[in-house]
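The file data_25.cif contains mmCIF, C-alpha atoms:
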data_structure
#
loop_
_atom_site.label_atom_id
_atom_site.label_comp_id
_atom_site.auth_asym_id
_atom_site.auth_seq_id
_atom_site.Cartn_x
_atom_site.Cartn_y
_atom_site.Cartn_z
CA MET A 1 -81.43 -19.96 2.62
CA LYS A 2 -79.56 -16.99 1.25
CA HIS A 3 -76.28 -15.70 2.65
CA HIS A 4 -75.56 -12.03 2.32
CA VAL A 5 -71.85 -11.33 1.79
CA LYS A 6 -70.53 -7.77 2.07
CA PRO A 7 -67.10 -6.85 0.73
CA ILE A 8 -64.56 -5.73 3.32
CA MET A 9 -63.33 -2.21 2.60
CA GLY A 10 -60.16 -0.68 3.99
CA ARG A 11 -56.36 -0.46 3.76
CA GLN A 12 -53.51 -1.94 5.74
CA LEU A 13 -51.16 0.35 7.62
CA PRO A 14 -47.53 -0.63 8.26
CA THR A 15 -46.76 -2.29 11.56
CA PRO A 16 -45.39 0.32 13.96
CA THR A 17 -41.70 0.16 14.76
CA PRO A 18 -41.64 2.49 17.73
CA THR A 19 -37.94 2.65 18.56
CA ALA A 20 -35.41 4.63 16.51
CA THR A 21 -31.94 3.20 16.07
CA PRO A 22 -29.42 5.41 17.91
CA PRO A 23 -27.35 7.51 15.46
CA ILE A 24 -23.90 6.13 14.68
CA SER A 25 -21.41 8.62 16.08
CA ASN A 26 -18.04 9.49 14.64
CA ASN A 27 -16.67 11.67 17.38
CA LEU A 28 -12.97 12.43 17.73
CA GLN A 29 -11.23 9.90 19.93
CA GLU A 30 -7.91 8.21 20.51
CA GLU A 31 -6.79 6.18 17.49
CA CYS A 32 -3.88 3.80 16.92
CA ILE A 33 -2.34 3.98 13.46
CA ARG A 34 0.51 2.20 11.68
CA VAL A 35 2.95 4.63 10.11
CA ASN A 36 6.58 5.08 9.16
CA LYS A 37 8.09 7.17 11.93
CA VAL A 38 10.81 9.62 10.86
CA TYR A 39 13.71 9.31 13.31
CA ASP A 40 15.85 11.84 11.46
CA TRP A 41 15.53 14.06 8.38
CA VAL A 42 18.49 15.96 6.96
CA VAL A 43 18.87 18.15 3.90
CA LEU A 44 22.46 18.88 2.93
CA ALA A 45 24.28 20.58 0.07
CA ASN A 46 27.91 20.14 -0.91
CA SER A 47 30.30 20.71 -3.78
CA TYR A 48 32.94 18.31 -5.09
CA ARG A 49 35.73 18.46 -7.71
CA ASN A 50 36.45 15.52 -9.98
CA LYS A 51 39.38 15.15 -12.39
CA ILE A 52 38.32 13.28 -15.51
CA ALA A 53 40.61 11.90 -18.21
CA LEU A 54 39.66 12.64 -21.81
CA PRO A 55 39.07 9.51 -23.92
CA ASP A 56 41.97 8.80 -26.32
CA ASP A 57 40.10 9.79 -29.47
CA CYS A 58 38.89 13.02 -27.90
CA GLN A 59 42.31 13.84 -26.44
CA ALA A 60 43.91 13.56 -29.89
CA LEU A 61 41.45 16.11 -31.27
CA VAL A 62 41.95 18.43 -28.28
CA ASP A 63 45.77 18.27 -28.58
CA ALA A 64 45.56 19.12 -32.27
CA ALA A 65 43.23 22.06 -31.57
CA ILE A 66 45.55 23.40 -28.86
CA ARG A 67 48.55 23.19 -31.23
CA ALA A 68 46.50 25.11 -33.78
CA GLY A 69 45.95 27.87 -31.22
CA GLN A 70 42.22 27.29 -30.83
CA ASP A 71 40.38 28.15 -27.62
CA ILE A 72 39.10 25.02 -25.84
CA THR A 73 35.85 25.24 -23.85
CA LEU A 74 33.73 22.57 -22.22
CA SER A 75 30.15 22.02 -21.10
CA CYS A 76 28.67 19.45 -18.77
CA VAL A 77 25.11 18.17 -19.11
CA GLU A 78 23.47 17.01 -15.90
CA PRO A 79 22.30 13.39 -15.92
CA VAL A 80 18.87 12.50 -17.22
CA SER A 81 18.88 8.72 -17.38
CA PRO A 82 20.03 6.98 -15.34
CA GLY A 83 19.66 9.53 -12.59
CA PRO A 84 22.08 10.30 -9.75
CA THR A 85 22.60 7.54 -7.20
CA CYS A 86 23.03 7.59 -3.44
CA ARG A 87 23.99 4.54 -1.39
CA VAL A 88 25.19 3.68 2.10
CA VAL A 89 28.63 2.04 2.22
CA SER A 90 29.33 1.94 5.95
CA ILE A 91 27.87 2.70 9.39
CA ARG A 92 29.72 3.11 12.64
CA ARG A 93 28.20 3.85 16.06
CA GLU A 94 29.57 6.72 18.15
CA ASN A 95 28.64 8.55 21.35
CA ILE A 96 28.57 12.32 20.84
CA THR A 97 27.44 15.25 23.00
CA VAL A 98 24.58 17.39 21.66
CA GLY A 99 23.34 20.25 23.80
CA GLY A 100 25.04 18.82 26.87
CA THR A 101 23.45 15.37 26.42
CA THR A 102 25.29 12.25 25.34
CA VAL A 103 23.61 10.64 22.35
CA ARG A 104 24.36 7.36 20.59
CA VAL A 105 24.37 8.13 16.85
CA GLY A 106 25.18 6.47 13.58
CA VAL A 107 27.98 7.96 11.47
CA VAL A 108 26.91 6.94 7.98
CA ARG A 109 29.19 7.10 4.94
CA PHE A 110 27.36 7.76 1.68
CA VAL A 111 28.65 7.49 -1.87
CA PHE A 112 26.96 9.74 -4.45
CA GLY A 113 27.41 9.16 -8.16
CA ALA A 114 26.10 10.27 -11.54
CA THR A 115 26.81 9.81 -15.23
CA VAL A 116 27.19 13.11 -17.09
CA LEU A 117 27.78 14.13 -20.69
CA VAL A 118 30.86 16.31 -21.35
CA ARG A 119 31.07 18.29 -24.60
CA VAL A 120 34.32 19.83 -25.86
CA PHE A 121 34.38 22.86 -28.18
CA ALA A 122 37.22 24.41 -30.19
CA ASP A 123 36.58 28.15 -30.82
CA GLY A 124 32.90 27.44 -30.11
CA THR A 125 32.63 24.58 -32.61
CA PRO A 126 31.79 21.08 -31.26
CA LEU A 127 34.90 18.98 -31.24
CA CYS A 128 33.96 15.80 -29.34
CA GLU A 129 31.77 14.55 -26.53
CA PHE A 130 31.81 11.68 -24.06
CA THR A 131 30.01 10.38 -20.97
CA THR A 132 31.79 9.94 -17.68
CA THR A 133 30.94 8.95 -14.14
CA VAL A 134 31.53 11.35 -11.26
CA GLN A 135 31.59 9.95 -7.75
CA PHE A 136 32.16 11.36 -4.28
CA ASP A 137 31.52 10.35 -0.69
CA GLN A 138 30.51 12.05 2.57
CA GLU A 139 29.87 11.07 6.18
CA VAL A 140 26.68 12.27 7.89
CA VAL A 141 25.71 12.00 11.56
CA LEU A 142 22.19 10.54 11.91
CA CYS A 143 19.83 9.46 14.64
CA LEU A 144 19.96 5.72 13.93
CA PRO A 145 19.00 3.82 17.11
CA GLU A 146 19.80 0.13 17.08
CA PRO A 147 18.67 -2.16 15.54
CA LEU A 148 17.99 0.26 12.66
CA ASP A 149 20.47 -0.12 9.79
CA GLU A 150 20.97 0.89 6.13
CA ASP A 151 17.56 -0.61 5.22
CA ASN A 152 15.96 2.17 7.29
CA ILE A 153 17.83 4.97 5.50
CA LEU A 154 16.22 6.71 2.53
CA CYS A 155 18.53 8.87 0.43
CA ARG A 156 17.37 11.06 -2.47
CA ILE A 157 19.34 13.50 -4.61
CA SER A 158 16.95 16.41 -5.10
CA ALA A 159 19.18 18.61 -7.28
CA PHE A 160 22.42 18.20 -9.22
CA GLU A 161 24.61 20.71 -11.05
CA CYS A 162 27.78 20.03 -13.06
CA SER A 163 30.20 22.78 -14.20
CA PRO A 164 33.55 22.24 -16.00
CA THR A 165 36.38 24.62 -15.18
CA GLY A 166 37.10 25.04 -18.90
CA THR A 167 40.78 24.17 -18.59
CA VAL A 168 42.50 21.10 -19.97
CA LEU A 169 45.20 19.98 -17.54
CA LEU A 170 48.40 18.10 -18.20
CA GLY A 171 47.84 14.49 -19.17
CA GLY A 172 44.54 15.25 -20.89
CA MET A 173 42.58 15.77 -17.66
CA VAL A 174 39.59 18.09 -17.19
CA GLN A 175 38.06 19.26 -13.92
CA LEU A 176 34.32 19.03 -13.20
CA ASP A 177 32.84 20.91 -10.26
CA VAL A 178 29.67 19.19 -9.02
CA ILE A 179 27.09 20.60 -6.59
CA VAL A 180 24.59 18.16 -5.12
CA CYS A 181 21.58 18.58 -2.85
CA VAL A 182 20.64 15.49 -0.85
CA GLU A 183 17.63 14.63 1.32
CA ILE A 184 18.23 11.86 3.88
CA GLN A 185 15.59 10.26 6.12
CA VAL A 186 15.72 7.55 8.76
CA GLU A 187 12.38 5.69 8.92
CA ALA A 188 10.90 2.67 10.69
CA GLU A 189 7.37 1.31 10.93
CA VAL A 190 5.72 1.97 14.32
CA LYS A 191 2.26 2.04 15.92
CA LEU A 192 1.42 5.49 17.20
CA GLU A 193 -1.40 7.28 18.98
CA ILE A 194 -0.95 10.82 17.72
CA LEU A 195 -2.08 14.35 17.02
CA ALA A 196 -0.06 15.44 14.00
CA LYS A 197 1.05 18.40 11.92
CA PHE A 198 3.45 18.91 9.03
CA CYS A 199 7.07 18.90 10.16
CA ALA A 200 10.22 20.32 8.61
CA PRO A 201 13.74 18.91 8.29
CA ARG A 202 16.46 20.03 10.68
CA PRO A 203 19.60 21.64 9.27
CA ASN A 204 22.61 19.40 8.80
CA ASN A 205 24.49 21.17 11.58
CA ILE A 206 26.79 18.43 12.88
CA PRO A 207 28.31 20.23 10.77
CA ILE A 208 27.90 20.78 6.98
CA PRO A 209 29.66 23.04 4.45
CA SER A 210 27.65 25.98 3.17
CA PRO A 211 26.28 25.67 -0.38
CA THR A 212 27.75 27.78 -3.14
CA PRO A 213 26.01 31.20 -3.02
CA SER A 214 24.92 31.00 -6.68
CA PHE A 215 23.19 27.66 -6.16
CA ARG A 216 20.19 27.01 -3.96
CA CYS A 217 18.59 23.71 -3.07
CA PRO A 218 14.87 23.44 -3.91
CA PRO A 219 12.60 24.04 -0.88
CA ILE A 220 10.81 21.21 0.89
CA THR A 221 7.12 21.67 0.12
CA PHE A 222 3.93 19.68 0.65
CA PRO A 223 1.15 19.63 -1.97
CA PRO A 224 -1.98 21.43 -0.77
CA GLN A 225 -5.15 19.52 0.12
CA CYS A 226 -8.37 20.03 -1.89
CA PRO A 227 -10.88 21.09 0.82
CA PRO A 228 -13.83 21.53 -1.56
CA ILE A 229 -13.35 17.91 -2.69
CA PHE A 230 -11.73 16.00 0.18
CA PRO A 231 -11.89 15.54 3.08
CA VAL A 232 -15.65 16.08 3.31
CA ARG A 233 -16.53 18.19 6.33
CA ASN A 234 -18.35 16.20 9.01
CA CYS A 235 -21.82 17.10 10.16
CA ASP A 236 -22.17 19.04 13.43
CA CYS A 237 -25.24 16.99 14.39
CA GLN A 238 -27.07 13.80 13.35
CA ALA A 239 -30.45 12.12 13.80
CA SER A 240 -32.20 8.78 13.56
CA VAL A 241 -35.99 8.43 13.21
CA ASN A 242 -38.31 5.44 13.02
CA ALA A 243 -41.71 6.98 13.66
CA LEU A 244 -45.31 5.99 12.93
CA VAL A 245 -47.83 8.53 14.21
CA PRO A 246 -51.60 8.11 13.58
CA THR A 247 -54.35 10.74 13.41
CA VAL A 248 -52.15 13.62 12.31
CA SER A 249 -53.65 16.80 10.88
CA VAL A 250 -51.86 18.05 7.74
CA SER A 251 -52.38 20.62 5.00
CA ILE A 252 -52.31 19.35 1.43
CA GLY A 253 -53.21 20.40 -2.11
CA ILE A 254 -53.55 23.67 -4.06
CA PRO A 255 -54.95 25.60 -2.37
CA LEU A 256 -54.04 23.92 0.94
CA ALA A 257 -56.84 21.96 2.54
CA ALA A 258 -57.00 20.12 5.84
CA ALA A 259 -56.61 16.32 5.90
CA VAL A 260 -56.06 13.68 8.56
CA GLY A 261 -53.95 10.57 8.29
CA THR A 262 -51.02 8.55 9.54
CA ILE A 263 -47.45 9.63 8.89
CA GLN A 264 -44.44 7.35 8.74
CA LEU A 265 -40.88 8.64 8.68
CA ILE A 266 -37.76 6.47 8.59
CA ALA A 267 -34.64 8.62 8.53
CA ASP A 268 -30.92 8.30 9.10
CA ILE A 269 -29.39 11.76 8.88
CA CYS A 270 -25.58 11.92 8.87
CA PRO A 271 -24.80 8.36 10.02
CA SER A 272 -21.21 8.29 11.33
CA CYS A 273 -21.45 12.10 11.01
CA ASP A 274 -21.04 11.71 7.22
CA PRO A 275 -23.34 14.07 5.27
CA SER A 276 -23.07 12.01 2.09
CA SER A 277 -24.71 8.98 3.75
CA SER A 278 -28.01 10.62 4.81
CA SER A 279 -31.32 9.00 3.78
CA PHE A 280 -35.03 9.14 4.62
CA THR A 281 -38.45 8.05 3.37
CA PHE A 282 -41.74 9.74 4.25
CA ASN A 283 -45.24 8.26 3.83
CA PHE A 284 -48.65 9.82 4.35
CA PHE A 285 -51.64 7.48 4.66
CA ASP A 286 -54.89 9.40 4.13
CA ALA A 287 -57.62 8.50 6.63
CA LEU A 288 -60.20 9.08 3.86
CA LEU A 289 -62.54 11.18 5.97
CA PRO A 290 -65.41 12.73 4.00
CA ASP A 291 -63.77 15.35 1.78
CA VAL A 292 -63.62 16.45 -1.83
CA LEU A 293 -59.91 15.72 -2.33
CA GLY A 294 -60.12 11.95 -2.60
CA ASP A 295 -57.27 9.68 -1.52
CA GLN A 296 -54.22 11.87 -0.96
CA SER A 297 -51.90 9.12 0.30
CA PHE A 298 -48.36 9.50 -1.03
CA SER A 299 -44.72 8.58 -0.51
CA PHE A 300 -41.84 11.03 -0.74
CA SER A 301 -38.22 10.06 -1.49
CA PRO A 302 -35.44 12.67 -1.55
CA THR A 303 -32.98 12.90 -4.44
CA THR A 304 -30.70 15.37 -2.63
CA ILE A 305 -30.14 15.91 1.11
CA SER A 306 -28.18 18.87 2.40
CA SER A 307 -25.73 18.76 5.29
CA PRO A 308 -27.87 19.48 8.39
CA THR A 309 -28.21 22.87 10.02
CA CYS A 310 -28.15 22.34 13.79
CA ILE A 311 -30.75 24.26 15.80
CA THR A 312 -31.64 24.79 19.45
CA VAL A 313 -34.66 27.05 18.91
CA LEU A 314 -37.93 26.68 17.02
CA PRO A 315 -40.65 29.37 16.86
CA ILE A 316 -43.37 28.67 19.45
CA LEU A 317 -42.07 25.14 20.20
CA PRO A 318 -39.59 24.72 23.08
CA ILE A 319 -36.85 22.27 22.03
CA VAL A 320 -33.50 21.08 23.38
CA THR A 321 -31.73 20.32 20.11
CA GLY A 322 -32.59 19.59 16.51
CA LEU A 323 -31.61 19.86 12.89
CA ILE A 324 -32.95 20.90 9.49
CA VAL A 325 -32.17 19.33 6.11
CA THR A 326 -33.37 20.56 2.73
CA GLY A 327 -33.26 19.42 -0.86
CA THR A 328 -35.38 18.04 -3.67
CA GLY A 329 -37.27 14.79 -4.05
CA VAL A 330 -40.05 12.93 -5.80
CA ARG A 331 -43.62 12.57 -4.45
CA THR A 332 -45.61 9.57 -5.72
CA PHE A 333 -49.38 9.40 -5.12
CA THR A 334 -50.52 5.92 -4.06
CA ALA A 335 -53.90 5.96 -5.80
CA THR A 336 -52.82 7.22 -9.23
CA GLY A 337 -49.06 6.65 -9.38
CA ALA A 338 -48.64 10.29 -10.47
CA GLN A 339 -45.21 11.73 -9.67
CA GLU A 340 -43.85 15.23 -9.25
CA THR A 341 -40.53 16.74 -8.22
CA LEU A 342 -40.74 18.98 -5.16
CA THR A 343 -38.50 20.96 -2.85
CA TYR A 344 -38.63 19.99 0.82
CA SER A 345 -37.59 21.12 4.27
CA LEU A 346 -37.42 18.51 7.06
CA THR A 347 -37.02 19.53 10.71
CA LEU A 348 -36.33 17.00 13.48
CA ALA A 349 -36.24 18.20 17.07
CA GLU A 350 -35.81 16.77 20.57
CA THR A 351 -37.93 18.46 23.23
CA GLY A 352 -36.45 16.80 26.31
CA ILE A 353 -36.15 13.38 27.93
CA GLY A 354 -39.50 11.61 27.99
CA LEU A 355 -41.39 14.41 26.21
CA PRO A 356 -42.89 14.04 22.72
CA ASP A 357 -40.56 15.10 19.93
CA VAL A 358 -41.21 17.10 16.76
CA ILE A 359 -41.23 16.40 12.99
CA ILE A 360 -41.94 19.24 10.54
CA LEU A 361 -42.09 18.58 6.78
CA THR A 362 -42.98 21.07 4.07
CA LEU A 363 -43.14 20.39 0.33
CA THR A 364 -43.04 23.16 -2.29
CA ASP A 365 -43.60 22.90 -6.05
CA SER A 366 -41.40 24.36 -8.81
CA ALA A 367 -43.35 27.63 -8.70
CA GLY A 368 -42.61 28.07 -5.00
CA VAL A 369 -46.15 27.20 -3.93
CA LEU A 370 -46.54 25.23 -0.69
CA VAL A 371 -48.35 21.94 -1.50
CA PHE A 372 -47.93 20.02 1.78
CA SER A 373 -47.26 20.93 5.38
CA ALA A 374 -47.19 18.77 8.47
CA THR A 375 -46.14 19.73 11.98
CA ILE A 376 -46.20 16.66 14.22
CA THR A 377 -45.56 17.51 17.87
CA VAL A 378 -46.62 14.17 19.36
CA VAL A 379 -43.76 11.94 18.15
CA PRO A 380 -42.88 9.46 20.95
CA ASP A 381 -39.51 10.35 22.44
CA GLU A 382 -37.97 6.93 21.77
CA GLN A 383 -38.85 7.13 18.05
CA LEU A 384 -36.70 10.20 17.30
CA LEU A 385 -33.12 10.78 18.43
CA VAL A 386 -30.89 13.78 17.70
CA ALA A 387 -27.23 13.78 18.75
CA ASP A 388 -24.24 16.10 18.54
CA CYS A 389 -21.21 15.29 16.37
CA ILE A 390 -17.89 16.26 17.91
CA THR A 391 -15.71 17.98 15.31
CA PHE A 392 -12.23 19.53 15.33
CA GLY A 393 -13.82 22.88 16.08
CA ASP A 394 -15.09 21.49 19.39
CA ILE A 395 -11.57 20.75 20.65
CA VAL A 396 -9.83 23.39 22.73
CA ILE A 397 -6.10 23.18 21.98
CA THR A 398 -3.91 24.19 24.90
CA THR A 399 -0.14 24.45 24.97
CA PRO A 400 1.99 23.95 28.06
#
I need this file expressed as C-alpha cells, please.
Amino acid sequence: MKHHVKPIMGRQLPTPTPTATPPISNNLQEECIRVNKVYDWVVLANSYRNKIALPDDCQALVDAAIRAGQDITLSCVEPVSPGPTCRVVSIRRENITVGGTTVRVGVVRFVFGATVLVRVFADGTPLCEFTTTVQFDQEVVLCLPEPLDEDNILCRISAFECSPTGTVLLGGMVQLDVIVCVEIQVEAEVKLEILAKFCAPRPNNIPIPSPTPSFRCPPITFPPQCPPIFPVRNCDCQASVNALVPTVSVSIGIPLAAAVGTIQLIADICPSCDPSSSSFTFNFFDALLPDVLGDQSFSFSPTTISSPTCITVLPILPIVTGLIVTGTGVRTFTATGAQETLTYSLTLAETGIGLPDVIILTLTDSAGVLVFSATITVVPDEQLLVADCITFGDIVITTP
C-alpha cells in the first residue's frame, strides 16, 4: 500500500502583539533637587596701605644710592604663586535694622594676605629685590543664620593690585598701596523645589568704601550654554506602536505595482520625549498572490530618525493628532538578502478614541524615485498611541 506525501508549503507570520506600550512621558513637573543655597553673596573692593621694612642688605644699597644722589624708584609685582589668601578669623552675632526690619546677622572679620615681589631701582637701574607679605583685615556684615559658621563661608580674591608710593621713609621703610577685590558667599546644602534663573550679587552696602576710580573689579559673568550641543531640545510629541495588520494593499517596485501582504511596525518615537532615543522596525510579509514580482517581503531598519514634526491634519484623512519622522535606512529583502539604502517618511496618526488609526510609510531611492508606499488606515486603536510632550514653551509664566 503506497502512501502519498505532499510537502507543506507556506511561511510563518509573527504572533500578533496587539497592544502598544504607552509612550514614556517627560513632561514638566515639580522636582526636588539637592543644591547649595546661597544665603548671601557680596562683592567688595577696598584699598589698604602697608609699611614694609627693607631687608638689611637691600637697605645698605639704598642708603648708599641716596647718599650718591641717585633717584630711588620701586615696583611691586602682584603675587603669582602662592596666590592671595582670604580667611575668617572671627564671627559675632548682632541684631541690626535693614529697611525697617530687625535682622540677626553675622559680623565676620576677614584677614586678606598676599606675598609680593618688590624691586628697587637707582636711576632706573635694578638695585635689589625682595619678597614681602602684605596683610590687612576687614569686617563684613553677612546673612549667616545659625547654625551656619565659617565652614559655610566661601571667600575668593578675584583681583589684586599692588603699587609702591616710590618713597623710602625714615628707618628704611617703604609704603605699598594694595587694592583688592573680594567675592564672598554664604552657602549651605538644602533640598529645594524650584524654578530658577541666574542671580546677581548685591552691593556691599552695609556699608563699603568706594573703589579707587582708576581700578575696576572684574564683572561677575556666567559662561554661555551651547544650545546646538546641549541641552538637546525635547520633542513636542511622541508615539508608541506595536502593530500587526494583515491583508494590506501596498505599492512596491519600479515602476510601482500593487501587492498585498501583512505589515508589522514596532516603534518607539521620542521615549521620555528624547529625540535621540527613537527607534522602529518595519516588516512587510508578501502574501504571494499570483504576480510577476515574486516574493517582495522585506524588513526596513532606520539609520537616522529625525525629531518628529507634530501634526493635527492629514489630507483626506480626519485625524486628532499625529507625527511625522524622516531619515534614511536600510531595506533587506527576505528572499535574496539584497540590501539598499533608502530615504523614508513615516507618519503615525490617531483618529479618535476607539477608531482605527493610521500608518503611512514611503520609501524613496537615491534618485528620488518612490519604491514603496503603504497607507494603512485600519490599525487597531490600541496598537498605536500618540501623545503630547509638555515643553517649556507650553508654560504660561505669570507675575504677581
Exercise for the section: Any chance you could resolve the PyMOL selection byres ((chain A and resi 178) around 9) against this file and give the residues as number ranges by chain? Expected result: A: 46-50, 134, 160-164, 176-177, 179-180
Handout entry: Chain and number of each residue from the PyMOL selection byres ((chain A and resi 295) around 12), as a list in words
Key = Arg11, Ile252, Gly253, Ala259, Val260, Gly261, Phe284, Phe285, Asp286, Ala287, Leu288, Leu289, Pro290, Asp291, Val292, Leu293, Gly294, Gln296, Ser297, Phe298, Phe333, Thr334, Ala335, Thr336 and Gly337 of chain A
Problem - Output check: residues returned by the PyMOL selection byres ((chain A and resi 90-97) around 10), as a PyMOL selection string - result: chain A and resi 87-89+98-111+139-142+144-146+149-150
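For the pair CA of Phe372 (chain A) and CA of Leu355 (chain A), the separation is 25.9 Å.
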Fill in the blank from the handout: Students should find that CA of Leu44 (chain A) and CA of Asn152 (chain A) are spaced 18.5 Å
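Considering the residues A:Ala239, A:Met173, A:Ile360, A:Cys128 and counting all atoms listed in the file, Ser373 (chain A) has its shortest atom-to-atom contact with A:Ile360.
Nearest residue to Cys270 (chain A), choosing from A:Cys310, A:Ala45, A:Val379, A:Val371 and counting all atoms listed in the file: A:Cys310.
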Practice task
Within 12 Å of Cys86 (chain A), counting all atoms listed in the file, which residues show up once you throw out same-chain ones fewer than 4 positions away? Write them as a PyMOL selection string, please.
Solution key: chain A and resi 109-114+135-138+150+153-158+180-184
Mind writing the picked residues with C-alpha atoms as a CSV table (one decimal), in the frame of the given file?
chain,number,residue,atom,x,y,z
A,109,ARG,CA,29.2,7.1,4.9
A,110,PHE,CA,27.4,7.8,1.7
A,111,VAL,CA,28.6,7.5,-1.9
A,112,PHE,CA,27.0,9.7,-4.4
A,113,GLY,CA,27.4,9.2,-8.2
A,114,ALA,CA,26.1,10.3,-11.5
A,135,GLN,CA,31.6,10.0,-7.8
A,136,PHE,CA,32.2,11.4,-4.3
A,137,ASP,CA,31.5,10.4,-0.7
A,138,GLN,CA,30.5,12.0,2.6
A,150,GLU,CA,21.0,0.9,6.1
A,153,ILE,CA,17.8,5.0,5.5
A,154,LEU,CA,16.2,6.7,2.5
A,155,CYS,CA,18.5,8.9,0.4
A,156,ARG,CA,17.4,11.1,-2.5
A,157,ILE,CA,19.3,13.5,-4.6
A,158,SER,CA,17.0,16.4,-5.1
A,180,VAL,CA,24.6,18.2,-5.1
A,181,CYS,CA,21.6,18.6,-2.8
A,182,VAL,CA,20.6,15.5,-0.8
A,183,GLU,CA,17.6,14.6,1.3
A,184,ILE,CA,18.2,11.9,3.9
Neighbour residues at most 8 Å from (-41.1, 19.2, 23.2) (only C-alpha atoms) as a CSV table (one decimal) with C-alpha atoms, in the coordinates of the input:
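Result written to selection-v2.csv:
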chain,number,residue,atom,x,y,z
A,317,LEU,CA,-42.1,25.1,20.2
A,318,PRO,CA,-39.6,24.7,23.1
A,319,ILE,CA,-36.8,22.3,22.0
A,320,VAL,CA,-33.5,21.1,23.4
A,349,ALA,CA,-36.2,18.2,17.1
A,350,GLU,CA,-35.8,16.8,20.6
A,351,THR,CA,-37.9,18.5,23.2
A,352,GLY,CA,-36.4,16.8,26.3
A,355,LEU,CA,-41.4,14.4,26.2
A,356,PRO,CA,-42.9,14.0,22.7
A,357,ASP,CA,-40.6,15.1,19.9
A,358,VAL,CA,-41.2,17.1,16.8
A,377,THR,CA,-45.6,17.5,17.9
Problem - Shell of 8 Å around Val38 (chain A), all atoms listed in the file, local chain residues under 2 positions omitted, as a ChimeraX atom specification - result: /A:36,40-41,185-188
Practice task
Quote the spacing between CA of Thr247 (chain A) and CA of Thr262 (chain A) in Å to one decimal place.
Solution key: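 These two atoms are separated by 5.6 Å.
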Practice task
Find the residues around Leu54 (chain A) up to 9 Å (all atoms listed in the file counted), leave out those fewer than 6 positions away in its own chain, and share them as a PyMOL selection string.
Solution key: chain A and resi 62+130+171-174
Exercise for the section: Return the single residue from A:Ala53, A:Ile254, A:Ile390, A:Ile72 that is closest to Ala367 (chain A), with distances computed using all atoms listed in the file. Expected result: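 Looking only at the distances to Ala367 (chain A), the closest residue turns out to be A:Ile254.
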